[in-house]
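A short write-up of the structure that comes next.
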Amino acid sequence: MKDPNSEKKFKDSVNDIWRSVFRHGYTDTPRNRVLQIISNVWLHLHPARVREHGTKLRFTWCMGGITFFIFLVEVITGVLLMFYYTPDVNKAFADTIDLMYTVPFGRLMRNVHRWGAHAMVITVSVHMFRVFITGSYKPPRRFNWVMGVFLLVITFLLSFTGYLLPWDQLGYWAITVGMNMGGATPFLGHEGPFSQLLGITASNDIRFSLVGGTTIAAPALLRAYVWHCVAIPVIAVALMMVHFWRIRKDGGISGRL
Amino acid sequence: MENSWQNKESVEFEDDTVFTWPTLVVKEFLAAIFVMVGLLFYSFFVNAPLGELADPSQAENPAKAPWYFAGLQEQLVYFDPWFAGVVLPSIIVVGLILLPYLDNNPKGNGYITFKERKFAIPVFVSGYVFWYLLVYVGTVLRGPFWTFFWPWQEWTHDFPTPSPLINLSLPVGIAVLIGFYAAGFAIPLLLFKNFFRSLGVIRYALTMGLLLTMIGTAGKVFLRLVFDIKYIIVTPWINL
């Protein structure tokens, strides 16, 4: 026999489970629209209501959000690549070849990671351009622009440290070019002006501390790996927390005062 | 639209805000999907570059930095490494950090306007374009031994010997450099008195110092390309 209340009981139990996960009902009411944002850990960085022009693509270009999204893509593909990659000069290149030709979806993962890195440099700089031409660095958002400049530098460094990891000719000589510039730092690089004054040589200058030696070799690869996979991402996340938090504290998305 | 509360909504809230859920979240979600699809499609068809196994005894020619640093590498043609690779990028970063503190124009806050920001917009945009122009030249137009090739020219090792370069003598060089900065600081002072007055001494000095360094960097490129001048200042310690 059929229980006349079965449909209601079913709905109640679904609602009960839904509430256990989301802490509020799913009917479309103003209250639930607010709760959808403020009681969701992933969305609560948003305000419950936002100025209408701030949702317009022609104003924000969505470039900051897309940059953050690509960062997340880089984290996920980067972790997957780490499963197969060894930061050892005898293995790194072979591991990269394996990723390209043997590991299932390895080529796709590497391609997404590499192109995503380029895309992120572009979206970050377009985001900076947008923030400039809309005057969104003006008070009260001055300090958040400074945070953004740090994040721009961090994006460059993330991409640059990753460049050496395949241990191919392309990365090796690009890092050589970059590190030779570092060796020319005034006072602190052994080829830089005035470095003799401080007794700086090739084995105690800033370049040495960056690559762990006088040439680009095994220690340089390990340092690039640790900076790329651990240290710089941690710094990036810390700066992003401040950057996003300050958007809210500084009055949300910019607009005519 | 079928919900009756939505009609009441416009009466209750007399401001310019909308619900983040779903108005903004939907757009963010769609943007994420488009980016992901685009990245996957591109990555499916175009392989990430991979060279031969690294060989410290076999230098690449040309050895190029990643494209976003190729602009600085391109500056190596015109400046010594300590300036092109270290001091210049540091000045750029410091300049960007100072930018919101130097620009005290209250107008154009949160909307696009050229009329109300006739100084800030052209300066920033030309710096931005200059950066990417250098990136383009360094990435695309430089061949073996960092020789210039147009996109339609084939890279060869058989190019004419570049014309010899000259250095300015030290007194002339110092005069040129000081003259450039002195004129650069003085001319806006005389022509645009309000500009100076609105900025104050410190902001004016920093703004013009940064702007003149940017113009000077481009000027040095010009001197090298047109007059074959390698260094303006030559000393036993540093060359500029």
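FYI, nothing fancy with the structure tokens labels: chains A, B, ... in order, residues from 1 per chain, ligands from 1 as they appear.
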
Find the nearest atom pair between each residue of chain A and chain B for residues within 7 Å, count only C-alpha atoms, give distances in Å to one decimal, sort rows by chain and ascending number, and present the table as JSON lines.
{"residue": "A:Arg33", "atom": "CA", "partner": "B:Trp21", "partner_atom": "CA", "distance": 5.6}
{"residue": "A:Gln36", "atom": "CA", "partner": "B:Trp21", "partner_atom": "CA", "distance": 6.8}
{"residue": "A:Ile37", "atom": "CA", "partner": "B:Trp21", "partner_atom": "CA", "distance": 6.6}
{"residue": "A:Pro47", "atom": "CA", "partner": "B:Thr20", "partner_atom": "CA", "distance": 6.9}
{"residue": "A:Ala48", "atom": "CA", "partner": "B:Thr20", "partner_atom": "CA", "distance": 5.5}
{"residue": "A:Arg49", "atom": "CA", "partner": "B:Phe19", "partner_atom": "CA", "distance": 4.4}
{"residue": "A:Val50", "atom": "CA", "partner": "B:Thr17", "partner_atom": "CA", "distance": 5.0}
{"residue": "A:Arg51", "atom": "CA", "partner": "B:Thr17", "partner_atom": "CA", "distance": 3.9}
{"residue": "A:Glu52", "atom": "CA", "partner": "B:Thr17", "partner_atom": "CA", "distance": 5.0}
{"residue": "A:Thr55", "atom": "CA", "partner": "B:Leu24", "partner_atom": "CA", "distance": 5.4}
{"residue": "A:Ile66", "atom": "CA", "partner": "B:Ala32", "partner_atom": "CA", "distance": 6.7}
{"residue": "A:Phe69", "atom": "CA", "partner": "B:Ala32", "partner_atom": "CA", "distance": 6.6}
{"residue": "A:Phe93", "atom": "CA", "partner": "B:Leu53", "partner_atom": "CA", "distance": 6.3}
{"residue": "A:Leu108", "atom": "CA", "partner": "B:Ser43", "partner_atom": "CA", "distance": 6.1}
{"residue": "A:Asn111", "atom": "CA", "partner": "B:Ser43", "partner_atom": "CA", "distance": 5.0}
{"residue": "A:Val112", "atom": "CA", "partner": "B:Ser43", "partner_atom": "CA", "distance": 5.4}
{"residue": "A:Arg114", "atom": "CA", "partner": "B:Ala48", "partner_atom": "CA", "distance": 6.2}
{"residue": "A:Gly116", "atom": "CA", "partner": "B:Leu39", "partner_atom": "CA", "distance": 6.9}
{"residue": "A:Ile133", "atom": "CA", "partner": "B:Ile112", "partner_atom": "CA", "distance": 5.9}
{"residue": "A:Thr134", "atom": "CA", "partner": "B:Tyr111", "partner_atom": "CA", "distance": 4.6}
{"residue": "A:Gly135", "atom": "CA", "partner": "B:Asn109", "partner_atom": "CA", "distance": 4.6}
{"residue": "A:Ser136", "atom": "CA", "partner": "B:Gly110", "partner_atom": "CA", "distance": 5.1}
{"residue": "A:Tyr137", "atom": "CA", "partner": "B:Pro100", "partner_atom": "CA", "distance": 5.8}
{"residue": "A:Lys138", "atom": "CA", "partner": "B:Pro100", "partner_atom": "CA", "distance": 5.9}
{"residue": "A:Arg142", "atom": "CA", "partner": "B:Pro100", "partner_atom": "CA", "distance": 5.3}
{"residue": "A:Val146", "atom": "CA", "partner": "B:Ile97", "partner_atom": "CA", "distance": 5.1}
{"residue": "A:Val149", "atom": "CA", "partner": "B:Ile97", "partner_atom": "CA", "distance": 6.4}
{"residue": "A:Trp167", "atom": "CA", "partner": "B:Ala54", "partner_atom": "CA", "distance": 5.5}
{"residue": "A:Asp168", "atom": "CA", "partner": "B:Ala54", "partner_atom": "CA", "distance": 4.2}
{"residue": "A:Gln169", "atom": "CA", "partner": "B:Ala54", "partner_atom": "CA", "distance": 4.3}
{"residue": "A:Leu170", "atom": "CA", "partner": "B:Gly51", "partner_atom": "CA", "distance": 5.4}
{"residue": "A:Tyr172", "atom": "CA", "partner": "B:Ala54", "partner_atom": "CA", "distance": 5.9}
{"residue": "A:Trp173", "atom": "CA", "partner": "B:Ala63", "partner_atom": "CA", "distance": 5.5}
{"residue": "A:Ala174", "atom": "CA", "partner": "B:Ala65", "partner_atom": "CA", "distance": 4.2}
{"residue": "A:Ile175", "atom": "CA", "partner": "B:Ala65", "partner_atom": "CA", "distance": 6.9}
{"residue": "A:Val177", "atom": "CA", "partner": "B:Ala65", "partner_atom": "CA", "distance": 6.3}
{"residue": "A:Gly178", "atom": "CA", "partner": "B:Ala65", "partner_atom": "CA", "distance": 6.6}
{"residue": "A:Met181", "atom": "CA", "partner": "B:Gly85", "partner_atom": "CA", "distance": 5.1}
{"residue": "A:Gly182", "atom": "CA", "partner": "B:Val86", "partner_atom": "CA", "distance": 6.7}
{"residue": "A:Ala184", "atom": "CA", "partner": "B:Trp82", "partner_atom": "CA", "distance": 4.7}
{"residue": "A:Thr185", "atom": "CA", "partner": "B:Trp82", "partner_atom": "CA", "distance": 5.2}
{"residue": "A:Pro186", "atom": "CA", "partner": "B:Trp82", "partner_atom": "CA", "distance": 6.2}
{"residue": "A:Gly192", "atom": "CA", "partner": "B:Trp82", "partner_atom": "CA", "distance": 5.9}
{"residue": "A:Pro193", "atom": "CA", "partner": "B:Ile238", "partner_atom": "CA", "distance": 6.0}
{"residue": "A:Phe194", "atom": "CA", "partner": "B:Trp237", "partner_atom": "CA", "distance": 6.9}
{"residue": "A:Ser254", "atom": "CA", "partner": "B:Gly110", "partner_atom": "CA", "distance": 4.9}
{"residue": "A:Gly255", "atom": "CA", "partner": "B:Gly110", "partner_atom": "CA", "distance": 3.9}
{"residue": "A:Arg256", "atom": "CA", "partner": "B:Gly110", "partner_atom": "CA", "distance": 5.1}

Could you write out the selected residues, including N, CA and C atoms, as a short mmCIF file (atom, residue, chain, number, x, y, z; two decimals), in the first residue's frame?
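Output saved as selection18.cif:
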data_model
loop_
_atom_site.label_atom_id
_atom_site.label_comp_id
_atom_site.auth_asym_id
_atom_site.auth_seq_id
_atom_site.Cartn_x
_atom_site.Cartn_y
_atom_site.Cartn_z
N ARG A 33 19.41 33.72 -1.21
CA ARG A 33 20.44 34.29 -2.09
C ARG A 33 21.57 34.89 -1.28
N GLN A 36 23.43 31.95 0.40
CA GLN A 36 24.23 31.24 -0.60
C GLN A 36 25.66 31.77 -0.63
N ILE A 37 25.80 33.07 -0.42
CA ILE A 37 27.12 33.68 -0.43
C ILE A 37 27.77 33.62 0.95
N PRO A 47 30.77 39.97 -1.24
CA PRO A 47 29.68 40.53 -0.45
C PRO A 47 28.37 39.90 -0.91
N ALA A 48 27.35 39.94 -0.07
CA ALA A 48 26.06 39.34 -0.45
C ALA A 48 25.42 40.12 -1.59
N ARG A 49 25.64 41.42 -1.58
CA ARG A 49 25.17 42.25 -2.70
C ARG A 49 26.36 43.01 -3.25
N VAL A 50 26.32 43.27 -4.55
CA VAL A 50 27.45 43.93 -5.19
C VAL A 50 26.90 45.02 -6.09
N ARG A 51 27.66 46.10 -6.23
CA ARG A 51 27.19 47.20 -7.09
C ARG A 51 27.05 46.68 -8.52
N GLU A 52 25.97 47.09 -9.15
CA GLU A 52 25.59 46.47 -10.42
C GLU A 52 26.69 46.61 -11.48
N THR A 55 29.39 44.00 -11.80
CA THR A 55 29.14 42.71 -12.45
C THR A 55 29.25 42.82 -13.96
N ILE A 66 39.89 35.92 -13.61
CA ILE A 66 40.45 34.91 -14.53
C ILE A 66 41.89 34.59 -14.13
N PHE A 69 41.68 32.26 -11.34
CA PHE A 69 41.25 30.94 -11.82
C PHE A 69 42.42 30.21 -12.48
N PHE A 93 64.89 15.84 -17.58
CA PHE A 93 64.54 15.90 -19.00
C PHE A 93 63.82 14.63 -19.42
N LEU A 108 48.85 16.62 -22.09
CA LEU A 108 47.82 17.64 -21.91
C LEU A 108 48.08 18.43 -20.62
N ASN A 111 51.00 20.74 -21.23
CA ASN A 111 50.62 21.84 -22.13
C ASN A 111 49.75 22.86 -21.41
N VAL A 112 48.74 22.36 -20.66
CA VAL A 112 47.87 23.29 -19.94
C VAL A 112 48.69 24.10 -18.94
N ARG A 114 51.91 24.87 -19.01
CA ARG A 114 52.80 25.82 -19.68
C ARG A 114 52.02 26.98 -20.29
N GLY A 116 49.01 27.89 -19.59
CA GLY A 116 48.35 28.61 -18.51
C GLY A 116 49.28 29.63 -17.88
N ILE A 133 43.37 52.23 -15.99
CA ILE A 133 42.54 53.17 -16.76
C ILE A 133 41.20 53.46 -16.11
N THR A 134 40.76 52.59 -15.19
CA THR A 134 39.54 52.94 -14.45
C THR A 134 39.88 53.70 -13.18
N GLY A 135 41.16 54.03 -12.98
CA GLY A 135 41.55 54.81 -11.80
C GLY A 135 41.28 54.08 -10.50
N SER A 136 41.28 52.76 -10.52
CA SER A 136 40.89 52.01 -9.33
C SER A 136 42.02 51.88 -8.31
N TYR A 137 43.17 52.53 -8.59
CA TYR A 137 44.27 52.51 -7.62
C TYR A 137 44.21 53.74 -6.72
N LYS A 138 43.20 54.59 -6.95
CA LYS A 138 43.14 55.83 -6.18
C LYS A 138 42.54 55.56 -4.81
N ARG A 142 44.76 52.59 -2.67
CA ARG A 142 46.17 52.75 -3.03
C ARG A 142 47.02 51.56 -2.63
N VAL A 146 49.54 48.41 -4.56
CA VAL A 146 50.88 47.99 -4.18
C VAL A 146 50.93 46.47 -4.04
N VAL A 149 51.12 45.02 -7.40
CA VAL A 149 52.44 45.08 -8.03
C VAL A 149 53.30 43.92 -7.52
N TRP A 167 64.74 21.15 -17.88
CA TRP A 167 66.17 20.93 -18.08
C TRP A 167 66.48 20.71 -19.56
N ASP A 168 65.89 21.56 -20.39
CA ASP A 168 66.19 21.52 -21.82
C ASP A 168 67.01 22.76 -22.18
N GLN A 169 67.48 22.79 -23.42
CA GLN A 169 68.33 23.90 -23.87
C GLN A 169 67.62 25.25 -23.72
N LEU A 170 66.33 25.24 -24.05
CA LEU A 170 65.53 26.47 -23.98
C LEU A 170 65.57 27.08 -22.58
N TYR A 172 67.48 26.12 -19.98
CA TYR A 172 68.82 26.26 -19.42
C TYR A 172 69.44 27.60 -19.80
N TRP A 173 69.34 27.94 -21.10
CA TRP A 173 70.01 29.17 -21.54
C TRP A 173 69.21 30.41 -21.20
N ALA A 174 67.89 30.26 -21.09
CA ALA A 174 67.09 31.40 -20.64
C ALA A 174 67.45 31.76 -19.20
N ILE A 175 67.59 30.73 -18.36
CA ILE A 175 67.94 30.99 -16.97
C ILE A 175 69.38 31.51 -16.89
N VAL A 177 70.85 33.41 -19.12
CA VAL A 177 70.76 34.85 -19.44
C VAL A 177 70.27 35.63 -18.23
N GLY A 178 69.19 35.13 -17.62
CA GLY A 178 68.61 35.84 -16.48
C GLY A 178 69.57 35.94 -15.30
N MET A 181 72.37 38.38 -15.64
CA MET A 181 71.94 39.73 -15.30
C MET A 181 71.99 39.92 -13.79
N GLY A 182 71.56 38.89 -13.05
CA GLY A 182 71.62 38.96 -11.59
C GLY A 182 73.05 39.13 -11.10
N ALA A 184 75.20 40.81 -12.41
CA ALA A 184 75.66 42.17 -12.69
C ALA A 184 75.04 43.18 -11.74
N THR A 185 74.38 42.71 -10.69
CA THR A 185 73.77 43.63 -9.72
C THR A 185 74.85 44.53 -9.10
N PRO A 186 74.62 45.85 -9.09
CA PRO A 186 75.61 46.73 -8.45
C PRO A 186 75.83 46.31 -6.99
N GLY A 192 78.96 43.05 -11.30
CA GLY A 192 78.32 44.36 -11.19
C GLY A 192 79.31 45.42 -10.76
N PRO A 193 78.98 46.69 -11.04
CA PRO A 193 79.86 47.77 -10.62
C PRO A 193 79.98 47.83 -9.09
N PHE A 194 81.13 48.20 -8.61
CA PHE A 194 81.41 48.44 -7.19
C PHE A 194 81.40 47.18 -6.33
N SER A 254 35.52 49.05 -7.46
CA SER A 254 35.56 50.50 -7.59
C SER A 254 34.44 51.00 -8.48
N GLY A 255 34.14 52.26 -8.33
CA GLY A 255 33.10 52.87 -9.16
C GLY A 255 33.07 54.35 -8.88
N ARG A 256 32.23 55.07 -9.58
CA ARG A 256 32.14 56.51 -9.35
C ARG A 256 31.82 56.77 -7.89
#

Alpha helix (DSSP H) call set, DSSP backbone run, region 112-170 of chain A, as number ranges by chain: A: 112-133, 142-164, 169-170

Selection: 9 Å around Thr147 (chain B), only C-alpha atoms, excl. self and same-chain fewer than 3 positions, as a CSV table (one decimal) with N, CA and C atoms, in the first residue's frame:
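Written file, result34.csv:
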chain,number,residue,atom,x,y,z
B,62,PRO,N,70.3,32.5,-30.9
B,62,PRO,CA,70.3,33.3,-29.7
B,62,PRO,C,69.8,32.6,-28.5
B,141,LEU,N,62.1,39.6,-33.3
B,141,LEU,CA,62.9,40.3,-34.3
B,141,LEU,C,64.4,40.1,-34.1
B,142,ARG,N,64.8,39.3,-33.1
B,142,ARG,CA,66.2,39.1,-32.8
B,142,ARG,C,66.7,37.7,-33.1
B,143,GLY,N,67.7,37.6,-34.0
B,143,GLY,CA,68.2,36.3,-34.4
B,143,GLY,C,69.5,36.0,-33.8
B,144,PRO,N,70.4,35.2,-34.5
B,144,PRO,CA,71.7,34.8,-34.0
B,144,PRO,C,72.5,36.1,-33.7
B,155,TRP,N,66.5,34.2,-40.8
B,155,TRP,CA,67.7,34.3,-39.9
B,155,TRP,C,68.9,33.7,-40.5
B,157,HIS,N,73.5,33.7,-40.4
B,157,HIS,CA,74.6,34.1,-39.7
B,157,HIS,C,75.5,35.0,-40.5
B,159,PHE,N,75.3,38.3,-41.9
B,159,PHE,CA,74.8,39.6,-41.9
B,159,PHE,C,75.9,40.6,-41.9

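Atom pair CA of Arg246 (chain A) / CA of Ala117 (chain A) has a distance of 25.1 Å (rounded to one decimal).
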